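Colleague: Coordinates in entry-v4.cif, mmCIF, C-alpha atoms, are listed below.
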data_data
#
loop_
_atom_site.group_PDB
_atom_site.id
_atom_site.type_symbol
_atom_site.label_atom_id
_atom_site.label_comp_id
_atom_site.auth_asym_id
_atom_site.auth_seq_id
_atom_site.Cartn_x
_atom_site.Cartn_y
_atom_site.Cartn_z
ATOM 1 C CA MET A 1 76.883 146.723 127.631
ATOM 2 C CA GLU A 2 74.566 149.069 129.493
ATOM 3 C CA ILE A 3 73.041 147.533 132.643
ATOM 4 C CA LEU A 4 71.395 150.550 134.290
ATOM 5 C CA ASN A 5 69.856 153.611 132.651
ATOM 6 C CA VAL A 6 68.210 156.247 134.848
ATOM 7 C CA GLN A 7 66.593 159.178 133.049
ATOM 8 C CA ASN A 8 65.040 162.323 134.541
ATOM 9 C CA LEU A 9 64.191 160.593 137.805
ATOM 10 C CA CYS A 10 62.139 162.661 140.255
ATOM 11 C CA LYS A 11 60.713 161.751 143.631
ATOM 12 C CA THR A 12 58.494 164.109 145.593
ATOM 13 C CA TYR A 13 57.019 163.616 149.040
ATOM 14 C CA GLY A 14 54.138 165.663 150.454
ATOM 15 C CA LYS A 15 52.311 168.678 149.051
ATOM 16 C CA GLY A 16 52.227 172.419 149.504
ATOM 17 C CA GLU A 17 54.496 173.717 152.250
ATOM 18 C CA ALA A 18 55.294 170.124 153.268
ATOM 19 C CA ARG A 19 56.558 169.213 149.768
ATOM 20 C CA VAL A 20 60.044 167.721 149.610
ATOM 21 C CA ASP A 21 61.789 167.108 146.282
ATOM 22 C CA ALA A 22 63.999 164.171 147.255
ATOM 23 C CA LEU A 23 65.267 163.568 143.690
ATOM 24 C CA LYS A 24 65.478 166.218 140.985
ATOM 25 C CA ASN A 25 65.833 165.040 137.372
ATOM 26 C CA VAL A 26 68.521 162.460 138.123
ATOM 27 C CA SER A 27 70.074 160.843 135.036
ATOM 28 C CA PHE A 28 73.029 158.445 134.685
ATOM 29 C CA THR A 29 73.996 155.051 133.282
ATOM 30 C CA LEU A 30 76.130 152.116 134.424
ATOM 31 C CA GLU A 31 77.893 149.579 132.214
ATOM 32 C CA LYS A 32 78.327 145.857 132.873
ATOM 33 C CA GLY A 33 81.057 145.250 135.447
ATOM 34 C CA GLU A 34 81.155 148.857 136.636
ATOM 35 C CA PHE A 35 81.440 149.588 140.370
ATOM 36 C CA ALA A 36 79.994 153.014 141.174
ATOM 37 C CA ALA A 37 79.610 154.772 144.514
ATOM 38 C CA VAL A 38 77.037 157.431 145.355
ATOM 39 C CA VAL A 39 78.185 159.738 148.143
ATOM 40 C CA GLY A 40 76.116 162.268 150.013
ATOM 41 C CA GLU A 41 75.161 163.505 153.429
ATOM 42 C CA SER A 42 72.202 162.180 155.385
ATOM 43 C CA GLY A 43 69.010 163.454 153.758
ATOM 44 C CA SER A 44 70.681 164.164 150.420
ATOM 45 C CA GLY A 45 68.485 161.695 148.533
ATOM 46 C CA LYS A 46 70.897 158.803 148.081
ATOM 47 C CA SER A 47 68.733 156.219 149.886
ATOM 48 C CA THR A 48 65.677 157.365 147.946
ATOM 49 C CA LEU A 49 67.648 156.907 144.734
ATOM 50 C CA LEU A 50 68.668 153.372 145.674
ATOM 51 C CA ASN A 51 65.137 152.443 146.729
ATOM 52 C CA CYS A 52 63.700 153.644 143.412
ATOM 53 C CA ILE A 53 66.336 151.798 141.365
ATOM 54 C CA GLY A 54 65.658 148.662 143.407
ATOM 55 C CA ALA A 55 61.893 149.056 142.869
ATOM 56 C CA LEU A 56 61.360 149.305 146.636
ATOM 57 C CA ASP A 57 59.859 152.768 146.094
ATOM 58 C CA THR A 58 57.999 154.293 143.150
ATOM 59 C CA PRO A 59 59.393 157.426 141.494
ATOM 60 C CA THR A 60 57.137 160.414 140.880
ATOM 61 C CA SER A 61 58.394 160.626 137.294
ATOM 62 C CA GLY A 62 61.239 159.465 135.090
ATOM 63 C CA ASN A 63 62.429 156.103 133.799
ATOM 64 C CA ILE A 64 64.620 153.301 135.155
ATOM 65 C CA MET A 65 65.895 150.581 132.834
ATOM 66 C CA VAL A 66 67.664 147.556 134.342
ATOM 67 C CA ASP A 67 69.212 145.207 131.781
ATOM 68 C CA ARG A 68 67.072 146.919 129.107
ATOM 69 C CA GLN A 69 63.834 146.310 131.007
ATOM 70 C CA ASP A 70 61.657 149.248 132.073
ATOM 71 C CA LEU A 71 60.996 148.628 135.775
ATOM 72 C CA PHE A 72 57.885 150.727 136.119
ATOM 73 C CA SER A 73 56.144 149.683 132.917
ATOM 74 C CA MET A 74 55.786 146.223 134.482
ATOM 75 C CA LYS A 75 52.826 145.091 136.542
ATOM 76 C CA GLU A 76 53.606 144.785 140.242
ATOM 77 C CA GLU A 77 53.855 140.978 140.298
ATOM 78 C CA GLN A 78 56.073 140.949 137.200
ATOM 79 C CA ARG A 79 58.288 143.651 138.736
ATOM 80 C CA THR A 80 58.634 141.649 141.975
ATOM 81 C CA ILE A 81 59.803 138.568 140.071
ATOM 82 C CA PHE A 82 62.183 140.632 137.927
ATOM 83 C CA ARG A 83 63.665 142.297 141.028
ATOM 84 C CA ARG A 84 64.188 138.933 142.741
ATOM 85 C CA ARG A 85 66.029 137.532 139.717
ATOM 86 C CA ASN A 86 67.940 140.563 138.475
ATOM 87 C CA ILE A 87 68.690 142.872 141.428
ATOM 88 C CA GLY A 88 70.747 141.863 144.448
ATOM 89 C CA PHE A 89 70.705 143.833 147.700
ATOM 90 C CA VAL A 90 73.319 144.298 150.413
ATOM 91 C CA PHE A 91 71.893 146.168 153.410
ATOM 92 C CA GLN A 92 73.614 147.931 156.284
ATOM 93 C CA SER A 93 71.768 145.762 158.809
ATOM 94 C CA PHE A 94 72.647 142.446 157.049
ATOM 95 C CA GLN A 95 69.021 141.153 157.189
ATOM 96 C CA LEU A 96 69.992 137.504 157.411
ATOM 97 C CA ILE A 97 67.516 134.827 158.481
ATOM 98 C CA SER A 98 68.585 133.841 161.987
ATOM 99 C CA GLU A 99 67.272 130.249 161.753
ATOM 100 C CA LEU A 100 69.266 129.501 158.568
ATOM 101 C CA ASN A 101 72.980 128.766 158.470
ATOM 102 C CA VAL A 102 75.509 130.558 156.266
ATOM 103 C CA GLU A 103 75.059 128.261 153.271
ATOM 104 C CA GLN A 104 71.257 128.332 153.522
ATOM 105 C CA ASN A 105 71.186 132.139 153.775
ATOM 106 C CA ILE A 106 73.313 132.413 150.633
ATOM 107 C CA MET A 107 71.078 129.966 148.735
ATOM 108 C CA PHE A 108 67.820 131.507 149.964
ATOM 109 C CA PRO A 109 67.114 133.757 146.913
ATOM 110 C CA LEU A 110 67.339 130.707 144.635
ATOM 111 C CA LEU A 111 65.072 128.624 146.861
ATOM 112 C CA LEU A 112 62.592 131.496 147.017
ATOM 113 C CA ASP A 113 62.484 131.374 143.226
ATOM 114 C CA TYR A 114 62.043 127.567 143.184
ATOM 115 C CA ARG A 115 65.478 127.100 141.610
ATOM 116 C CA ARG A 116 67.954 124.376 142.531
ATOM 117 C CA PRO A 117 71.276 125.778 143.770
ATOM 118 C CA ASP A 118 74.435 124.649 141.999
ATOM 119 C CA PRO A 119 76.694 123.216 144.743
ATOM 120 C CA ALA A 120 79.808 124.229 142.810
ATOM 121 C CA ALA A 121 78.609 127.839 142.511
ATOM 122 C CA VAL A 122 77.733 127.958 146.217
ATOM 123 C CA GLY A 123 81.137 126.496 147.116
ATOM 124 C CA GLU A 124 82.921 129.038 144.895
ATOM 125 C CA ILE A 125 81.178 131.938 146.618
ATOM 126 C CA LEU A 126 81.905 130.520 150.072
ATOM 127 C CA GLU A 127 85.592 130.319 149.128
ATOM 128 C CA LEU A 128 85.591 133.853 147.715
ATOM 129 C CA LEU A 129 84.056 135.141 150.941
ATOM 130 C CA GLY A 130 86.385 133.150 153.189
ATOM 131 C CA LEU A 131 83.396 131.388 154.753
ATOM 132 C CA ALA A 132 83.891 127.777 153.653
ATOM 133 C CA ASP A 133 84.663 126.724 157.246
ATOM 134 C CA ARG A 134 81.631 128.635 158.548
ATOM 135 C CA ARG A 135 79.046 127.239 156.149
ATOM 136 C CA ARG A 136 77.089 125.455 158.942
ATOM 137 C CA HIS A 137 77.210 128.383 161.391
ATOM 138 C CA LEU A 138 74.115 130.437 162.201
ATOM 139 C CA PRO A 139 74.242 134.249 161.880
ATOM 140 C CA GLY A 140 74.331 134.608 165.664
ATOM 141 C CA GLN A 141 77.608 132.682 165.712
ATOM 142 C CA LEU A 142 79.313 135.105 163.308
ATOM 143 C CA SER A 143 80.980 138.493 163.682
ATOM 144 C CA GLY A 144 79.450 141.549 162.028
ATOM 145 C CA GLY A 145 81.992 141.404 159.229
ATOM 146 C CA GLN A 146 81.240 137.725 158.585
ATOM 147 C CA GLN A 147 77.509 138.407 158.527
ATOM 148 C CA GLN A 148 77.998 141.104 155.917
ATOM 149 C CA ARG A 149 80.043 138.673 153.824
ATOM 150 C CA VAL A 150 77.090 136.273 153.926
ATOM 151 C CA ALA A 151 74.853 139.122 152.748
ATOM 152 C CA ILE A 152 77.223 139.738 149.832
ATOM 153 C CA GLY A 153 77.118 136.039 148.957
ATOM 154 C CA ARG A 154 73.326 136.098 149.014
ATOM 155 C CA ALA A 155 73.370 139.026 146.593
ATOM 156 C CA LEU A 156 75.844 137.254 144.278
ATOM 157 C CA ILE A 157 74.264 133.809 144.089
ATOM 158 C CA THR A 158 71.642 134.677 141.457
ATOM 159 C CA ARG A 159 74.245 136.402 139.262
ATOM 160 C CA PRO A 160 71.981 139.476 139.113
ATOM 161 C CA ALA A 161 72.311 142.179 136.497
ATOM 162 C CA LEU A 162 72.783 144.741 139.284
ATOM 163 C CA ILE A 163 73.759 144.736 142.959
ATOM 164 C CA LEU A 164 72.634 147.636 145.153
ATOM 165 C CA ALA A 165 74.655 148.114 148.345
ATOM 166 C CA ASP A 166 73.061 150.403 150.947
ATOM 167 C CA GLU A 167 75.739 151.677 153.361
ATOM 168 C CA PRO A 168 77.190 148.125 153.474
ATOM 169 C CA THR A 169 79.890 149.081 155.978
ATOM 170 C CA GLY A 170 77.727 151.266 158.206
ATOM 171 C CA ASN A 171 77.668 148.791 161.104
ATOM 172 C CA LEU A 172 81.302 147.686 160.826
ATOM 173 C CA ASP A 173 84.648 148.821 162.212
ATOM 174 C CA SER A 174 87.329 150.170 159.878
ATOM 175 C CA ARG A 175 89.067 146.812 159.334
ATOM 176 C CA ASN A 176 85.868 144.943 158.471
ATOM 177 C CA SER A 177 84.717 147.892 156.372
ATOM 178 C CA GLN A 178 87.817 147.593 154.196
ATOM 179 C CA ASP A 179 87.333 143.817 153.938
ATOM 180 C CA VAL A 180 83.783 144.336 152.671
ATOM 181 C CA MET A 181 84.967 146.920 150.145
ATOM 182 C CA ASP A 182 87.656 144.514 148.930
ATOM 183 C CA LEU A 183 85.058 141.760 148.493
ATOM 184 C CA LEU A 184 82.727 144.009 146.527
ATOM 185 C CA THR A 185 85.622 145.014 144.295
ATOM 186 C CA GLN A 186 86.592 141.361 143.783
ATOM 187 C CA ALA A 187 82.999 140.494 142.890
ATOM 188 C CA SER A 188 82.863 143.303 140.367
ATOM 189 C CA ARG A 189 86.081 142.137 138.708
ATOM 190 C CA ARG A 190 85.636 138.360 138.962
ATOM 191 C CA TYR A 191 82.006 138.137 137.858
ATOM 192 C CA GLN A 192 81.799 141.318 135.777
ATOM 193 C CA GLN A 193 79.190 142.334 138.346
ATOM 194 C CA THR A 194 77.640 145.790 138.143
ATOM 195 C CA ILE A 195 77.461 147.366 141.611
ATOM 196 C CA LEU A 196 75.936 150.631 142.812
ATOM 197 C CA MET A 197 76.819 151.485 146.403
ATOM 198 C CA ILE A 198 75.701 154.403 148.519
ATOM 199 C CA THR A 199 77.792 155.702 151.392
ATOM 200 C CA HIS A 200 78.411 158.831 153.420
ATOM 201 C CA ASN A 201 82.024 157.775 154.043
ATOM 202 C CA ASN A 202 84.404 159.319 151.511
ATOM 203 C CA ASN A 203 87.227 157.091 152.753
ATOM 204 C CA LEU A 204 85.613 153.975 151.270
ATOM 205 C CA ILE A 205 85.315 154.960 147.628
ATOM 206 C CA SER A 206 88.882 154.593 146.375
ATOM 207 C CA SER A 207 88.070 151.193 144.863
ATOM 208 C CA ALA A 208 85.075 152.447 142.878
ATOM 209 C CA ASP A 209 85.350 152.973 139.120
ATOM 210 C CA ARG A 210 83.145 156.059 139.324
ATOM 211 C CA VAL A 211 81.820 158.314 142.026
ATOM 212 C CA LEU A 212 78.521 160.162 141.902
ATOM 213 C CA ARG A 213 77.709 162.863 144.426
ATOM 214 C CA ILE A 214 74.144 163.711 145.397
ATOM 215 C CA THR A 215 73.270 166.978 147.131
ATOM 216 C CA ASP A 216 69.698 168.042 147.879
ATOM 217 C CA GLY A 217 68.393 165.564 145.315
ATOM 218 C CA VAL A 218 70.717 166.684 142.500
ATOM 219 C CA LEU A 219 73.219 164.131 141.173
ATOM 220 C CA LYS A 220 76.645 165.020 139.785
ATOM 221 C CA ASP A 221 78.993 162.530 138.138
ATOM 222 C CA LEU A 222 82.525 163.058 139.487
ATOM 223 C CA GLY A 223 84.072 160.320 137.338
ATOM 224 C CA GLY A 224 87.050 158.269 138.583
ATOM 225 C CA ASN A 225 90.047 159.191 140.763
ATOM 226 C CA VAL A 226 87.999 161.723 142.689
ATOM 227 C CA ASP A 227 89.893 161.978 145.992
ATOM 228 C CA GLU A 228 90.877 165.585 145.334
ATOM 229 C CA LYS A 229 87.358 166.578 144.301
ATOM 230 C CA LEU A 230 85.912 165.206 147.524
ATOM 231 C CA SER A 231 88.509 166.689 149.844
#
Would you mind giving the structure from this file in structure tokens?

Modeller:
Amino acid sequence: MEILNVQNLCKTYGKGEARVDALKNVSFTLEKGEFAAVVGESGSGKSTLLNCIGALDTPTSGNIMVDRQDLFSMKEEQRTIFRRRNIGFVFQSFQLISELNVEQNIMFPLLLDYRRPDPAAVGEILELLGLADRRRHLPGQLSGGQQQRVAIGRALITRPALILADEPTGNLDSRNSQDVMDLLTQASRRYQQTILMITHNNNLISSADRVLRITDGVLKDLGGNVDEKLS
């Protein structure tokens, strides 16, 4: 089942001599349960790609379908609601709410949508993340790796069609980085969760089903088992 379909996506900033083509006719698809990584250097266009797919930025042209819904044919309010219910985000900087504890941060997307959390589902995610004994802790009482686990739980709780992970290990040491990658892989397998992650670190992509490389706004699908192609 196709979850994400990106066709001929372009994003241009500025005009004339200041014009920058951040994305150039990018096209690819992701299936349900697929874990894909987008690699590229700083300024290659990978963050712009993620922001457009997450409807945080508007493409200049092209189409993005998430779970068979055309993101940019929707009105802004409709798109905001769709994004909240169908797209989960994991950011490099965690972006947790400091006044809420672990459990409350995980449940927050549901509460924002006026939905009652299922205690069993929340408990299952806390167990998966190894945070059951930290459920009452505030973010300031957690390590960086634990905070990122909370962010993953927050992205999982709505069972979104797609999770977008923006350099999720960028603020972590190598051990915690591998833990986060393992958790994302587990989520993909356990919940048949479709995940698109961007990273500049080639050492973190061995768990991905597919790797896409972006260079100067042009995307190339490298497929699976790409260690040799990236070396």

Colleague: For Gly54 of chain A, list every protein, DNA or RNA residue within 8 Å, evaluated using all atoms listed in the file, and leave out those in the same chain fewer than 4 positions away; present the list as a list in words.

Modeller: Leu50, Arg83, Ile87 and Leu164 of chain A

Colleague: Which polymer residues have any atom within 10 Å of an atom of Asn201 of chain A, counting only C-alpha atoms, with same-chain residues fewer than 2 positions away left out, as a PDB file with C-alpha atoms, in the frame of the given file?

Modeller:
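The file below, part_35.pdb, is the result:
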ATOM      1  CA  VAL A  39      78.185 159.738 148.143  1.00  0.00           C
ATOM      2  CA  GLY A  40      76.116 162.268 150.013  1.00  0.00           C
ATOM      3  CA  GLU A  41      75.161 163.505 153.429  1.00  0.00           C
ATOM      4  CA  GLU A 167      75.739 151.677 153.361  1.00  0.00           C
ATOM      5  CA  THR A 169      79.890 149.081 155.978  1.00  0.00           C
ATOM      6  CA  GLY A 170      77.727 151.266 158.206  1.00  0.00           C
ATOM      7  CA  ILE A 198      75.701 154.403 148.519  1.00  0.00           C
ATOM      8  CA  THR A 199      77.792 155.702 151.392  1.00  0.00           C
ATOM      9  CA  ASN A 203      87.227 157.091 152.753  1.00  0.00           C
ATOM     10  CA  LEU A 204      85.613 153.975 151.270  1.00  0.00           C
ATOM     11  CA  ILE A 205      85.315 154.960 147.628  1.00  0.00           C
TER      12      ILE A 205
END

Colleague: Determine the residue membership of the PyMOL selection byres ((chain A and resi 180) around 12) for the file above and supply it as a ChimeraX atom specification.

Modeller: /A:90,92,128-130,144-153,165,167-179,181-187,197,204-205,207

Colleague: Separation of atom CA of Gln104 of chain A and atom CA of Tyr191 of chain A, in Å?

Modeller: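 Interatomic distance, atom CA of Gln104 of chain A to atom CA of Tyr191 of chain A: 21.4 Å.
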
Colleague: How far is it from atom CA of Asp118 of chain A to atom CA of Glu34 of chain A, in Å with one decimal?

Modeller: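 Separation between atom CA of Asp118 of chain A and atom CA of Glu34 of chain A: 25.7 Å.
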
Colleague: Using all atoms listed in the file, which of the listed residues (A:Asp221, A:Asp67, A:Glu31, A:Glu103) sits closest to Asn86 of chain A?

Modeller: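 Looking only at the distances to Asn86 of chain A, the closest residue turns out to be A:Asp67.
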
Colleague: How close does each residue of segment 116-227 of chain A get to segment 7-28 of chain A, giving the shortest atom pair and distance in Å to one decimal for every residue with an atom at most 7 Å away, counting all atoms listed in the file, sorted by chain and residue number, as JSON lines?

Modeller:
{"residue": "A:Asp216", "atom": "CA", "partner": "A:Ala22", "partner_atom": "CA", "distance": 6.9}
{"residue": "A:Gly217", "atom": "CA", "partner": "A:Leu23", "partner_atom": "CA", "distance": 4.0}
{"residue": "A:Val218", "atom": "CA", "partner": "A:Lys24", "partner_atom": "CA", "distance": 5.5}
{"residue": "A:Leu219", "atom": "CA", "partner": "A:Val26", "partner_atom": "CA", "distance": 5.8}

Colleague: Can you spell out as a PyMOL selection string the set of residues that the PyMOL selection byres ((chain A and resi 69) around 10) selects in the structure I just provided?

Modeller: chain A and resi 3-5+64-68+70-74+79+82

Colleague: In Å, rounded to a single decimal, give me how far atom CA of Ser93 of chain A is from atom CA of Leu142 of chain A.

Modeller: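 Distance reported for this atom pair: 13.8 Å.
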
Colleague: Spell out the residues picked by the PyMOL selection byres ((chain A and resi 193) around 9) here, as an MDAnalysis selection string.

Modeller: chainID A and resid 32:35 156 159:163 187:192 194:195

Colleague: For segment 49-67 of chain A, what centre and edge lengths in Å (one decimal) does the axis-aligned box get once 3 Å is added on each side of all its listed atoms, as AutoDock Vina command-line options?

Modeller:
--center_x 63.2 --center_y 152.9 --center_z 139.3 --size_x 18.1 --size_y 21.4 --size_z 20.9

Colleague: So which one's closest to Gln95 of chain A, A:Ala155, A:Leu56, A:Val122, A:Leu49? Using all atoms listed in the file, please.

Modeller: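 The answer is A:Ala155, which sits nearest to Gln95 of chain A.
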
Colleague: Hey, which of A:Gly223, A:Gly140, A:Gly43, A:Gly88 ends up closest to Leu110 of chain A? Count all atoms listed in the file.

Modeller: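 The answer is A:Gly88, which sits nearest to Leu110 of chain A.
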
Colleague: Rank nothing, just name the residue among A:Ser47, A:Asp209, A:Gln141, A:Glu127 nearest to Phe91 of chain A, using all atoms listed in the file.

Modeller: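 Result for the nearest residue to Phe91 of chain A: A:Ser47.
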
Colleague: Might you pull out every residue within 8 Å of Asn101 of chain A, with only C-alpha atoms counted and same-chain residues fewer than 6 positions away left off, and present them as an NGL selection string?

Modeller: :A and (135-139)

Colleague: Using all atoms listed in the file, which of the listed residues (A:Met1, A:Val38, A:Thr29, A:Val6) sits closest to Cys52 of chain A?

Modeller: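 Smallest separation from Cys52 of chain A among the options: A:Val6.
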